Amino acid sequence: MKRTVVVGSVNRDYTFLLDHLPDRGETILSRRSYSSTGGKGANQAAALSKMGLEVAMIGAVGADEPGERAVEALAAYGVSVDHIIKKNVPTGSAFICVDKNAHNTIVVDPGANGALSCEDIDSAAQVIAEADFCLMQLEINLEVVAHAAEICREHGGKVVLNPAPAQKIPDELLSLTDYLIPNETELALLTGCEVNCHTAVAAARRLTDRGVKAVIVTMGEEGSCYVDGRQDFFIPAAETSAVDTTAAGDSYIGAFLSALSRGYEVRTAMEFASLAASITVSRQGAADSIPLLEEVERLL
Ligand code: RIB
């Protein structure tokens with residue numbers, strides 16, 4: 001079986017279910033609130049493990065209750081947590097507002113995620129060297145991501161980068177990236193282009209021109225599109241009834257990579273990923289809402 005390592009964030013999510021997202025200067029009451037394990041790194045590691053992959057996570061939490069609960073939750077999903085280290089900084093937290101149309105806004109306080117260092121990556125270098133895929137996001141420092149990408153590529157692995165939250169990425173890191181998986185907002189920030197389903201291919205091509213091997217743009221209910229130096233194609237989103245779009249992208253990415261690892265063609269892996277995301281958005285929560293492999297297979 002192919003091995004995947006996730007180098008990324010672990011958060012405690014505090015979710016507020018609202019009628020509408022607050023306007024500037026507005027105070028509103030939530031209909032309900034709850035907390036759960038999240039973080040793009042943790043969610044993607046959970047997705048990979050739930051979909052049957054062997055996955056190790058490299059990350060950082062604080063020496064606190066949210067950190068302990070997150071590590072326990074990841075271990076329960078089957079993720080190897082030996083390289084999630086404890087820092088003297090609180091566990092990262094995310095404040096998520098979800099409106100009645102299932103749209104969300106998220107504010108992240110990186111906490112311990114921001115303390116993950118290149119030295120920590122060196123201590124876990126063997127895990128990266130042995131992985132077929134190294135999956136990362138941008139809730140940890142960019143130089144840490146670049147360092148892990150170098151180790152992965154030196155040992156013949158493939159680098160998969162979800163550039164979230166969006167920020168500028170240097171060309172050196174782009175050229176180490178085999179699959180870049182942004183959403184429309186992230187692609188717009190990376191390229192300076194306005195991105196919608198009509199312009200996504202042209203915008204993504206700017207990044208393949210800068211050295212990324214392939215770009216997959218996730219566009220929620222508009223579907224997703226694939227672009228590399230030779231071809232591009234579009235995959236429609238699977239039908240669903242959304243209640244909370246948190247972790248939709250995370251489950252898409254985990255499912256895509258798990259399908260690729262099982263030998264699916266990219267196009268079929270994207271269709272599989274759309275089905276996984278359609279289940280995730282029909283449930284509340286982040287890591288918890290991501291489906292198991294058999295749940296997705298039932299929809300095939
Ligand atoms: O992608 C969803 C995740 O973004 C949430 O779980 C939250 O922790 C933020 O990192």
# chains A, B, ... in the order shown; residues from 1 in each chain; ligands from 1
>>> residues_around(residues="A:Ala255", least_positions_apart="3", cutoff="7 Å", atoms="only C-alpha atoms", output="ChimeraX atom specification")
/A:47-48,51,251-252,258-259,272-273,276
>>> select_by_dssp(residues="stretch 240-299 of chain A", states="alpha helix (DSSP H)", output="PyMOL selection string")
chain A and resi 248-261+266-280+293-297
>>> residues_around(residues="A:Met57", least_positions_apart="4", cutoff="8 Å", atoms="only C-alpha atoms", output="list in words")
Val5, Val6, Val7, Gly8, Gly41, Ala42, Ala45, Val79, Ser80, Val81, Asp82, His83 and Ile84 of chain A
>>> closest_atom_pairs(of="chain A", to="ligand 1", cutoff="9 Å", atoms="only C-alpha atoms and all ligand atoms", output="JSON lines")
{"residue": "A:Ser9", "atom": "CA", "partner": "ligand 1", "partner_atom_place_in_ligand_line": "10 (O)", "distance": 7.1}
{"residue": "A:Val10", "atom": "CA", "partner": "ligand 1", "partner_atom_place_in_ligand_line": "8 (O)", "distance": 7.1}
{"residue": "A:Asn11", "atom": "CA", "partner": "ligand 1", "partner_atom_place_in_ligand_line": "8 (O)", "distance": 5.0}
{"residue": "A:Arg12", "atom": "CA", "partner": "ligand 1", "partner_atom_place_in_ligand_line": "8 (O)", "distance": 6.4}
{"residue": "A:Asp13", "atom": "CA", "partner": "ligand 1", "partner_atom_place_in_ligand_line": "8 (O)", "distance": 5.2}
{"residue": "A:Tyr14", "atom": "CA", "partner": "ligand 1", "partner_atom_place_in_ligand_line": "8 (O)", "distance": 8.5}
{"residue": "A:Ser36", "atom": "CA", "partner": "ligand 1", "partner_atom_place_in_ligand_line": "6 (O)", "distance": 8.3}
{"residue": "A:Thr37", "atom": "CA", "partner": "ligand 1", "partner_atom_place_in_ligand_line": "6 (O)", "distance": 6.9}
{"residue": "A:Gly38", "atom": "CA", "partner": "ligand 1", "partner_atom_place_in_ligand_line": "6 (O)", "distance": 3.5}
{"residue": "A:Gly39", "atom": "CA", "partner": "ligand 1", "partner_atom_place_in_ligand_line": "8 (O)", "distance": 3.4}
{"residue": "A:Lys40", "atom": "CA", "partner": "ligand 1", "partner_atom_place_in_ligand_line": "10 (O)", "distance": 4.5}
{"residue": "A:Gly41", "atom": "CA", "partner": "ligand 1", "partner_atom_place_in_ligand_line": "10 (O)", "distance": 7.6}
{"residue": "A:Ala42", "atom": "CA", "partner": "ligand 1", "partner_atom_place_in_ligand_line": "6 (O)", "distance": 7.8}
{"residue": "A:Asn43", "atom": "CA", "partner": "ligand 1", "partner_atom_place_in_ligand_line": "6 (O)", "distance": 6.4}
{"residue": "A:Gln44", "atom": "CA", "partner": "ligand 1", "partner_atom_place_in_ligand_line": "1 (O)", "distance": 8.5}
{"residue": "A:Gly92", "atom": "CA", "partner": "ligand 1", "partner_atom_place_in_ligand_line": "8 (O)", "distance": 8.0}
{"residue": "A:Ser93", "atom": "CA", "partner": "ligand 1", "partner_atom_place_in_ligand_line": "8 (O)", "distance": 6.5}
{"residue": "A:Ala94", "atom": "CA", "partner": "ligand 1", "partner_atom_place_in_ligand_line": "8 (O)", "distance": 4.7}
{"residue": "A:Phe95", "atom": "CA", "partner": "ligand 1", "partner_atom_place_in_ligand_line": "7 (C)", "distance": 7.5}
{"residue": "A:Ile96", "atom": "CA", "partner": "ligand 1", "partner_atom_place_in_ligand_line": "7 (C)", "distance": 7.2}
{"residue": "A:Ile106", "atom": "CA", "partner": "ligand 1", "partner_atom_place_in_ligand_line": "9 (C)", "distance": 6.5}
{"residue": "A:Val107", "atom": "CA", "partner": "ligand 1", "partner_atom_place_in_ligand_line": "9 (C)", "distance": 7.5}
{"residue": "A:Val108", "atom": "CA", "partner": "ligand 1", "partner_atom_place_in_ligand_line": "9 (C)", "distance": 6.2}
{"residue": "A:Pro110", "atom": "CA", "partner": "ligand 1", "partner_atom_place_in_ligand_line": "10 (O)", "distance": 8.7}
{"residue": "A:Glu139", "atom": "CA", "partner": "ligand 1", "partner_atom_place_in_ligand_line": "10 (O)", "distance": 7.0}
{"residue": "A:Ala164", "atom": "CA", "partner": "ligand 1", "partner_atom_place_in_ligand_line": "1 (O)", "distance": 8.1}
{"residue": "A:Pro165", "atom": "CA", "partner": "ligand 1", "partner_atom_place_in_ligand_line": "10 (O)", "distance": 8.3}
{"residue": "A:Thr245", "atom": "CA", "partner": "ligand 1", "partner_atom_place_in_ligand_line": "2 (C)", "distance": 8.5}
{"residue": "A:Thr246", "atom": "CA", "partner": "ligand 1", "partner_atom_place_in_ligand_line": "2 (C)", "distance": 5.1}
{"residue": "A:Ala247", "atom": "CA", "partner": "ligand 1", "partner_atom_place_in_ligand_line": "2 (C)", "distance": 4.2}
{"residue": "A:Ala248", "atom": "CA", "partner": "ligand 1", "partner_atom_place_in_ligand_line": "1 (O)", "distance": 7.0}
{"residue": "A:Gly249", "atom": "CA", "partner": "ligand 1", "partner_atom_place_in_ligand_line": "1 (O)", "distance": 6.4}
{"residue": "A:Asp250", "atom": "CA", "partner": "ligand 1", "partner_atom_place_in_ligand_line": "1 (O)", "distance": 5.7}
{"residue": "A:Ser251", "atom": "CA", "partner": "ligand 1", "partner_atom_place_in_ligand_line": "1 (O)", "distance": 8.8}
{"residue": "A:Gly285", "atom": "CA", "partner": "ligand 1", "partner_atom_place_in_ligand_line": "6 (O)", "distance": 7.9}
{"residue": "A:Ala286", "atom": "CA", "partner": "ligand 1", "partner_atom_place_in_ligand_line": "6 (O)", "distance": 5.0}
{"residue": "A:Ala287", "atom": "CA", "partner": "ligand 1", "partner_atom_place_in_ligand_line": "6 (O)", "distance": 6.9}
>>> write_last_selection(atoms="C-alpha atoms", output="mmCIF file, in the first residue's frame")
data_model
loop_
_atom_site.group_PDB
_atom_site.id
_atom_site.type_symbol
_atom_site.label_atom_id
_atom_site.label_comp_id
_atom_site.auth_asym_id
_atom_site.auth_seq_id
_atom_site.Cartn_x
_atom_site.Cartn_y
_atom_site.Cartn_z
ATOM 1 C CA SER A 9 -2.054 21.897 11.262
ATOM 2 C CA VAL A 10 -4.078 20.505 14.134
ATOM 3 C CA ASN A 11 -6.793 22.779 15.548
ATOM 4 C CA ARG A 12 -9.671 22.831 17.958
ATOM 5 C CA ASP A 13 -12.650 24.149 16.004
ATOM 6 C CA TYR A 14 -15.313 26.297 17.693
ATOM 7 C CA SER A 36 -14.550 19.489 17.536
ATOM 8 C CA THR A 37 -11.174 18.432 16.134
ATOM 9 C CA GLY A 38 -10.135 20.302 13.012
ATOM 10 C CA GLY A 39 -7.243 21.949 11.233
ATOM 11 C CA LYS A 40 -6.692 21.414 7.529
ATOM 12 C CA GLY A 41 -3.767 19.070 8.213
ATOM 13 C CA ALA A 42 -5.677 16.962 10.727
ATOM 14 C CA ASN A 43 -8.825 16.871 8.568
ATOM 15 C CA GLN A 44 -6.872 15.739 5.508
ATOM 16 C CA GLY A 92 -4.269 26.102 17.289
ATOM 17 C CA SER A 93 -7.907 27.136 17.241
ATOM 18 C CA ALA A 94 -10.418 27.987 14.541
ATOM 19 C CA PHE A 95 -13.595 30.052 14.911
ATOM 20 C CA ILE A 96 -16.101 28.937 12.312
ATOM 21 C CA ILE A 106 -13.201 30.743 9.344
ATOM 22 C CA VAL A 107 -10.664 32.620 11.472
ATOM 23 C CA VAL A 108 -7.638 30.582 12.560
ATOM 24 C CA PRO A 110 -2.281 29.147 14.514
ATOM 25 C CA GLU A 139 -1.580 26.733 8.266
ATOM 26 C CA ALA A 164 -4.948 27.306 2.234
ATOM 27 C CA PRO A 165 -5.176 29.838 3.764
ATOM 28 C CA THR A 245 -19.294 23.152 3.996
ATOM 29 C CA THR A 246 -16.475 22.986 6.603
ATOM 30 C CA ALA A 247 -13.809 20.427 5.551
ATOM 31 C CA ALA A 248 -15.368 19.955 2.078
ATOM 32 C CA GLY A 249 -11.996 20.752 0.494
ATOM 33 C CA ASP A 250 -10.169 18.586 3.028
ATOM 34 C CA SER A 251 -12.313 15.553 2.282
ATOM 35 C CA GLY A 285 -18.352 19.303 11.724
ATOM 36 C CA ALA A 286 -14.859 18.998 10.270
ATOM 37 C CA ALA A 287 -12.837 15.761 10.690
#
>>> closest_residue(among="A:His198, A:Pro236, A:Gly211, A:Phe133", to="A:Arg153", atoms="only C-alpha atoms")
A:Phe133
